[in-house]
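Following: one structure in structure tokens, then a few remarks.
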Number of protein chains: 2
Amino acid sequence: MPDIDQYIESNASRFEEELCEFLRIPSISADAGHKEDMIRAAEWVAGQFRRLKLSPEIIPTAGHPMVYAETPTVSGAPTALVYGHYDVQPVEPLDKWISPPFEPTRREGNIVARGATDDKGQLLTHLKGLEAWMEVEGRLPINLKYIIEGEEEVGSAGLEKFIAEHSDKLACNCVVISDGSQFAPGMPAVTRGLRGIAYYELRVNGPNRDLHSGSFGGSVTNPINALASILNGLIDKDGRVTLPGFYDDVVELTDRERKELAALPFDEKEYFAQVGVDGAIGEAGYTALERRWARPTFDCCGIWGGYQGEGAKTVLPSTAAAKISFRLVPNQNPAKISAALRTRLAELTPPGVKIEVIDFHGAPGVLIPPDSPYVEAAARAIEYAFGRRPVFTREGGSIPIVTTFHQKLGADALLIGWGQDDDNTHSPNEKFSLADFHRGIRASAKLWEELAQIQL
Amino acid sequence: MPDIDQYIESNASRFEEELCEFLRIPSISADAGHKEDMIRAAEWVAGQFRRLKLSPEIIPTAGHPMVYAETPTVSGAPTALVYGHYDVQPVEPLDKWISPPFEPTRREGNIVARGATDDKGQLLTHLKGLEAWMEVEGRLPINLKYIIEGEEEVGSAGLEKFIAEHSDKLACNCVVISDGSQFAPGMPAVTRGLRGIAYYELRVNGPNRDLHSGSFGGSVTNPINALASILNGLIDKDGRVTLPGFYDDVVELTDRERKELAALPFDEKEYFAQVGVDGAIGEAGYTALERRWARPTFDCCGIWGGYQGEGAKTVLPSTAAAKISFRLVPNQNPAKISAALRTRLAELTPPGVKIEVIDFHGAPGVLIPPDSPYVEAAARAIEYAFGRRPVFTREGGSIPIVTTFHQKLGADALLIGWGQDDDNTHSPNEKFSLADFHRGIRASAKLWEELAQIQL
């Protein structure tokens with residue numbers, strides 16, 4: 001692609017100027033006062049397609065509009081759906097910013113501004129990868145669809161609804177998302193798996209009113225004691241979840257992936273030091289990285305009951321409750337987990353209290369097969385632009401929209417983030433490396449070519 | 001005591017009028033707006049002694065004043081210290097009162113007003129038991145000291161300080177306290193034992209900030225999970241506390257007391273139904289009543305950590321904490337318990353979190369020996385006035401001032417409450433049975449005679 005590369009190189013400073021232009025729009029989706037800015041940002045994105053003679057659609061939602069565009073049909077070639085978002089997080093605390101959040105500033109090779117890495121800068125790489133092809137070749141070697149939303153930071157309600165109702169319009173072979181990080185500086189990554197989740201509120205109801213812990217303690221089941229016992233009973237001494245059948249559907253790590261993970265420059269001591277601890281417990285037989293990315297877990301996300309104020313109050317409270325979550329790995333089914341949880345809780349609940357379980361969201365994990373030709377195409381494109389083959393990682397969290405793409409479109413997502421862990425995403429002084437911005441554009445343009453090689 | 005009984009009978013309606021007069025003073029110690037009423041109430045109590053030609057002292061404190069009085073010395077006779085309080089609880093919610101809280105109203109044989117049972121009505125029985133002797137005999141057969149405070153409902157700080165500094169002034173052989181309840185209507189009781197307490201805040205500190213439970217869950221010790229595991233580890237499967245040596249100093253229930261407790265009209269099913277549960281767990285081998293009154297326990301009084309709001313938040317919190325209390329039985333030493341707790345917590349704390357223990361109050365339990373001549377004297381006086389021998393009970397809670405009397409004065413307390421469990425103490429429509437008021441006066445007068453029989 002010498003001509004395309006040449007185009008990208010020649011237009012580098014204009015690309016940066018356009019990035020700054022995009023970043024100057026304060027498109028804070030959470031703030032109703034920025035409604036007009038949201039429309040401006042959507043229009044700005046649409047303008048990117050219009051200059052290429054494509055016909056973008058601005059799709060209204062109950063919240064902020066989405067921008068959709070597609071390239072002319074290339075029969076027999078794969079279709080990639082590029083996803084990104086033009087909305088950004090609020091900027092508070094404002095006094096922590098070295099330069100104003102919507103006045104993009106170059107500093108130490110980075111562009112500093114709200115949205116720099118999340119996601120305007122990363123999104124723009126795929127608009128410029130498109131532009132390079134269109135301007136140089138006048139066409140794309142594959143079918144590209146773009147769906148750019150303005151509600152990612154507030155829950156993607158509009159897009160979720162649109163996908164449910166228009167899965168045909170978005171039909172594709174793979175989804176391309178650059179809205180995350182490389183594994184480390186100079187170490188680009190393809191995220192091959194996400195964990196799922198099953199999240200509940202567990203309420204333990206005991207006596208019909210708060211009792212005096214002196215007068216009643218010992219004779220009446222204490223809901224907090226009971227809750228502690230129940231929660232503790234959900235994990236065994238080896239750190240394994242005790243729900244019946246919990247591990248039945250777990251896709252075990254392959255030897256190959258364990259080796260890949262072990263080869264990553266991940267230092268457990270340094271990792272623990274960064275979060276301020278000197279060790280950890282977890283499922284026996286797995287490294288911290290494996291437990292974090294590829295093993296299911298049980299975590300309490302919140303707990304409350306009785307007296308939480310200053311000093312001492314001798315109360316035996318009538319209720320206690322916890323927010324509990326199971327992180328699931330690919331192939332575990334949230335509905336089965338819910339049923340197993342209820343079975344297990346029935347075993348663990350002592351006399352004198354009754355439990356109540358409220359289901360919140362459940363989402364299965366996502367795992368792209370290691371031999372996916374799409375992943376291989378992305379790896380080659382990244383190697384081309386970044387000068388080294390990407391590492392293959394997973395992510396311990398869930399990305400709801402990726403799960404939706406997976407479930408509704410049957411499409412695997414290529415999660416190829418160009419950011420860095422220390423980009424201050426959602427924090428003051430958000431930044432994005434300009435070198436990575438340009439490498440990202442080159443990788444994007446190359447990706448279209450690599451995907452075109454895939455035989456459907 | 002025919003003359004004394006006659007005096008009490010003849011003056012019954014005046015006693016009721018005086019009770020109403022006392023109850024009309026809104027002596028709410030917690031409310032700074034009632035400071036003058038507190039002084040009026042203290043003066044009213046002092047007036048009771050002055051009319052008997054005794055010389056009460058009004059003792060100022062940093063809060064509300066105390067009233068002290070003593071009878072002329074009777075050499076060789078025992079000394080009883082009568083304790084009571086003239087302050088009352090706040091009256092809110094006011095709209096739940098059928099009649100205004102400070103307009104005493106007779107209803108169904110009761111006097112209804114704030115302070116009726118707690119403690120003005122009960123306290124007054126011992127002032128009238130004194131009056132009867134002074135008016136009829138011109139003297140008491142024993143040495144009586146009265147200490148009446150105005151801060152019981154707000155922590156007794158002034159009295160605690162006074163006892164520490166003036167234990168000689170309050171020196172006595174026993175303390176007489178009527179500030180509680182009979183076992184059931186028509187079933188007066190002497191409370192022979194109180195549990196002690198050791199109360200702590202336990203903090204579990206993990207990572208240096210809240211983490212995303214998806215990105216980190218499984219790889220970092222979750223402080224709430226750890227807290228649940230620690231709390232659960234403080235009790236074994238038989239409901240016994242696992243602190244090393246916890247039961248070493250426990251005074252076991254004697255066969256006699258177990259029989260006495262078993263003979264009480266205490267129906268476990270009814271007890272559980274009253275608090276709205278259908279059973280309970282607790283230390284194996286003991287009845288609910290034994291566990292409640294005479295066995296040490298572990299209770300969480302509060303717990304918190306992470307997200308407690310609506311819906312779901314996927315957080316692995318940096319800290320979690322609980323308020324925990326051990327109810328102690330007589331002879332257990334709070335300081336030893338604190339040391340044992342620390343030893344046990346060190347065993348239970350998993351890697352990846354550090355714990356912090358904050359000591360709140362510790363107080364040993366109190367147990368009056370079953371063969372105490374003071375208890376026997378009280379039992380005879382109660383039988384005389386109430387027509388049946390009292391049952392011997394314990395109380396699961398602690399009464400700090402009783403512990404202080406025990407520790408600082410070396411005096412056992414005769415806890416002879418004239419109230420009933422349904423007297424609405426601290427609640428709207430507080431009441432006190434007028435029949436019990438009069439029986440209490442008669443029992444009080446008889447008690448002085450019975451105590452006079454004791455050979456020192």
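Chain labels A, B, ... are given in the sequence in which chains occur in the structure tokens; within each chain residues are numbered consecutively from 1, and ligands are likewise numbered from 1 in the order shown.
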Just the strand (DSSP E) stuff from segment 117-146 of chain B, please, per backbone DSSP, written as a VMD selection string. chain B and resid 143 to 146
Could you take the residues named above and write them with C-alpha atoms, as a PDB file, in the first residue's frame?
```pdb
ATOM      1  CA  ASN B 143     -28.855   3.154 106.221  1.00  0.00           C
ATOM      2  CA  LEU B 144     -30.262   4.449 102.974  1.00  0.00           C
ATOM      3  CA  LYS B 145     -28.488   6.589 100.418  1.00  0.00           C
ATOM      4  CA  TYR B 146     -30.234   7.913  97.339  1.00  0.00           C
TER       5      TYR B 146
END
```
Define the interface residues of chain A facing chain B as those within 6 Å, counting only C-alpha atoms, and report them as a PyMOL selection string. chain A and resi 207-208+214-221+224+228-229+232+275-282+288+291-292+297+300-308+315-316+351-352+396-397
Can you build me a table of segment 67-89 of chain B residues sitting at most 12 Å from segment 157-174 of chain B, with the closest atom pair per residue and its distance in Å to one decimal, using only C-alpha atoms, sorted by chain and residue number, as a tab-separated table?
```
residue	atom	partner	partner_atom	distance
B:Val67	CA	B:Leu159	CA	10.5
B:Tyr68	CA	B:Leu170	CA	9.5
B:Ala69	CA	B:Leu170	CA	10.3
B:Glu70	CA	B:Leu170	CA	9.8
B:Gly76	CA	B:Asn173	CA	11.7
B:Ala77	CA	B:Asn173	CA	9.8
B:Pro78	CA	B:Asn173	CA	6.1
B:Thr79	CA	B:Cys172	CA	4.9
B:Ala80	CA	B:Cys174	CA	5.0
B:Leu81	CA	B:Cys172	CA	6.0
B:Val82	CA	B:Cys174	CA	8.6
B:Tyr83	CA	B:Cys174	CA	10.5
B:Gly84	CA	B:Leu159	CA	11.2
B:His85	CA	B:Leu159	CA	10.5
```
Those residues with C-alpha atoms, as a PDB file, in the first residue's frame please?
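Final file, selection.pdb:
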```
ATOM      1  CA  VAL B  67     -29.852  14.624  93.783  1.00  0.00           C
ATOM      2  CA  TYR B  68     -28.208  12.913  96.728  1.00  0.00           C
ATOM      3  CA  ALA B  69     -29.705  12.235 100.142  1.00  0.00           C
ATOM      4  CA  GLU B  70     -29.075   9.878 103.024  1.00  0.00           C
ATOM      5  CA  GLY B  76     -24.281  -2.023 112.432  1.00  0.00           C
ATOM      6  CA  ALA B  77     -27.078  -2.077 109.891  1.00  0.00           C
ATOM      7  CA  PRO B  78     -26.547  -2.541 106.170  1.00  0.00           C
ATOM      8  CA  THR B  79     -26.398   0.372 103.792  1.00  0.00           C
ATOM      9  CA  ALA B  80     -28.440   0.348 100.607  1.00  0.00           C
ATOM     10  CA  LEU B  81     -27.893   2.808  97.805  1.00  0.00           C
ATOM     11  CA  VAL B  82     -31.074   3.563  95.888  1.00  0.00           C
ATOM     12  CA  TYR B  83     -30.456   4.567  92.319  1.00  0.00           C
ATOM     13  CA  GLY B  84     -32.964   6.145  89.944  1.00  0.00           C
ATOM     14  CA  HIS B  85     -33.253   8.840  87.332  1.00  0.00           C
TER      15      HIS B  85
END
```
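Atom pair atom CA of Asp5 of chain A / atom CA of Gly129 of chain A has a distance of 9.8 Å (rounded to one decimal).
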Give me, as an MDAnalysis selection string, the residues of segment 30-90 of chain A that a backbone DSSP run labels alpha helix (DSSP H). chainID A and resid 35:50
If we count only C-alpha atoms, what is near segment 110-118 of chain B at a cut-off of 7 Å, once residues fewer than 3 positions away on the same chain are taken out, given as a list of chain:residue names? B:Leu23, B:Val88, B:Val91, B:Pro101, B:Phe102, B:Glu103, B:Pro104, B:Thr105, B:Arg106, B:Arg107, B:Gly121, B:Gln122, B:Asp179, B:Gly419, B:Asp423, B:Thr425, B:Asn429, B:Glu430, B:Lys431, B:Phe432, B:Ser433, B:Leu434
Write the selection just made, keeping C-alpha atoms, as a tab-separated table (two decimals), in the first residue's frame?
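Once written, selection_28.tsv looks like this:
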```
chain	number	residue	atom	x	y	z
B	23	LEU	CA	-44.72	13.36	85.41
B	88	VAL	CA	-36.99	10.97	80.45
B	91	VAL	CA	-41.49	12.13	73.09
B	101	PRO	CA	-47.02	12.95	77.00
B	102	PHE	CA	-46.74	15.39	79.88
B	103	GLU	CA	-50.43	15.33	80.85
B	104	PRO	CA	-50.59	12.10	82.85
B	105	THR	CA	-53.81	10.24	82.12
B	106	ARG	CA	-55.34	7.23	83.84
B	107	ARG	CA	-56.33	4.53	81.37
B	121	GLY	CA	-43.02	5.96	88.62
B	122	GLN	CA	-40.59	3.25	89.67
B	179	ASP	CA	-35.87	0.70	86.35
B	419	GLY	CA	-42.68	-2.40	85.00
B	423	ASP	CA	-44.95	-0.45	78.96
B	425	THR	CA	-40.61	2.46	77.34
B	429	ASN	CA	-47.96	6.09	75.21
B	430	GLU	CA	-45.51	5.00	77.87
B	431	LYS	CA	-47.46	3.61	80.81
B	432	PHE	CA	-47.09	2.14	84.28
B	433	SER	CA	-49.59	0.00	86.15
B	434	LEU	CA	-50.97	1.87	89.15
```
Atom CA of Ala62 of chain A and atom CA of Ile25 of chain A are how many Å apart? 21.0 Å
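Look at Ile39 of chain A: the protein and nucleic acid residues within 9 Å of it, using only C-alpha atoms and passing over chain neighbours fewer than 3 places away, are A:Ser27, A:His34, A:Lys35, A:Glu36, A:Ala42, A:Glu43, A:Trp44, A:His64, A:Pro65.
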Selection file, N, CA and C atoms, as a short mmCIF file (atom, residue, chain, number, x, y, z; two decimals), in the first residue's frame:
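Saved as again.cif:
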```
data_model
loop_
_atom_site.label_atom_id
_atom_site.label_comp_id
_atom_site.auth_asym_id
_atom_site.auth_seq_id
_atom_site.Cartn_x
_atom_site.Cartn_y
_atom_site.Cartn_z
N SER A 27 -18.62 17.55 23.64
CA SER A 27 -19.76 16.64 23.47
C SER A 27 -19.91 15.71 24.68
N HIS A 34 -25.28 20.26 27.06
CA HIS A 34 -24.43 20.11 25.87
C HIS A 34 -25.18 19.46 24.71
N LYS A 35 -26.50 19.53 24.74
CA LYS A 35 -27.30 18.87 23.70
C LYS A 35 -26.91 19.37 22.30
N GLU A 36 -26.72 20.67 22.16
CA GLU A 36 -26.37 21.24 20.85
C GLU A 36 -24.97 20.79 20.43
N ALA A 42 -22.00 15.10 16.08
CA ALA A 42 -22.53 14.12 15.14
C ALA A 42 -22.40 14.65 13.71
N GLU A 43 -22.68 15.95 13.54
CA GLU A 43 -22.55 16.58 12.22
C GLU A 43 -21.10 16.56 11.75
N TRP A 44 -20.20 16.77 12.70
CA TRP A 44 -18.77 16.77 12.34
C TRP A 44 -18.37 15.39 11.81
N HIS A 64 -29.03 11.04 22.26
CA HIS A 64 -28.21 11.73 21.27
C HIS A 64 -28.13 10.92 19.98
N PRO A 65 -28.00 11.64 18.84
CA PRO A 65 -28.06 10.94 17.55
C PRO A 65 -26.86 10.05 17.28
#
```
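Atom CA of Ala198 of chain A is found 11.2 Å from atom CA of Ala339 of chain A.
Minimum atom-to-atom distances from A:Thr191, A:Ser338, A:Ser444, A:Ser427 to Leu94 of chain A were compared using only C-alpha atoms, and the lowest value belongs to A:Ser427.
For the set A:Gln407, A:Ile368, A:Asp87, A:Ala262, the residue with the smallest atom-to-atom gap to Gly155 of chain A is A:Asp87, counting only C-alpha atoms.
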Spatial neighbours of Pro390 of chain A, 7 Å, only C-alpha atoms, chain gap at least 4 places, as JSON, numbers by chain: {"A": [187, 188, 189, 190, 379, 382, 383]}
Quick one: residues within 10 Å of Val74 of chain B, only C-alpha atoms, excluding same-chain residues fewer than 6 positions away - as a PyMOL selection string? chain B and resi 139-144+452
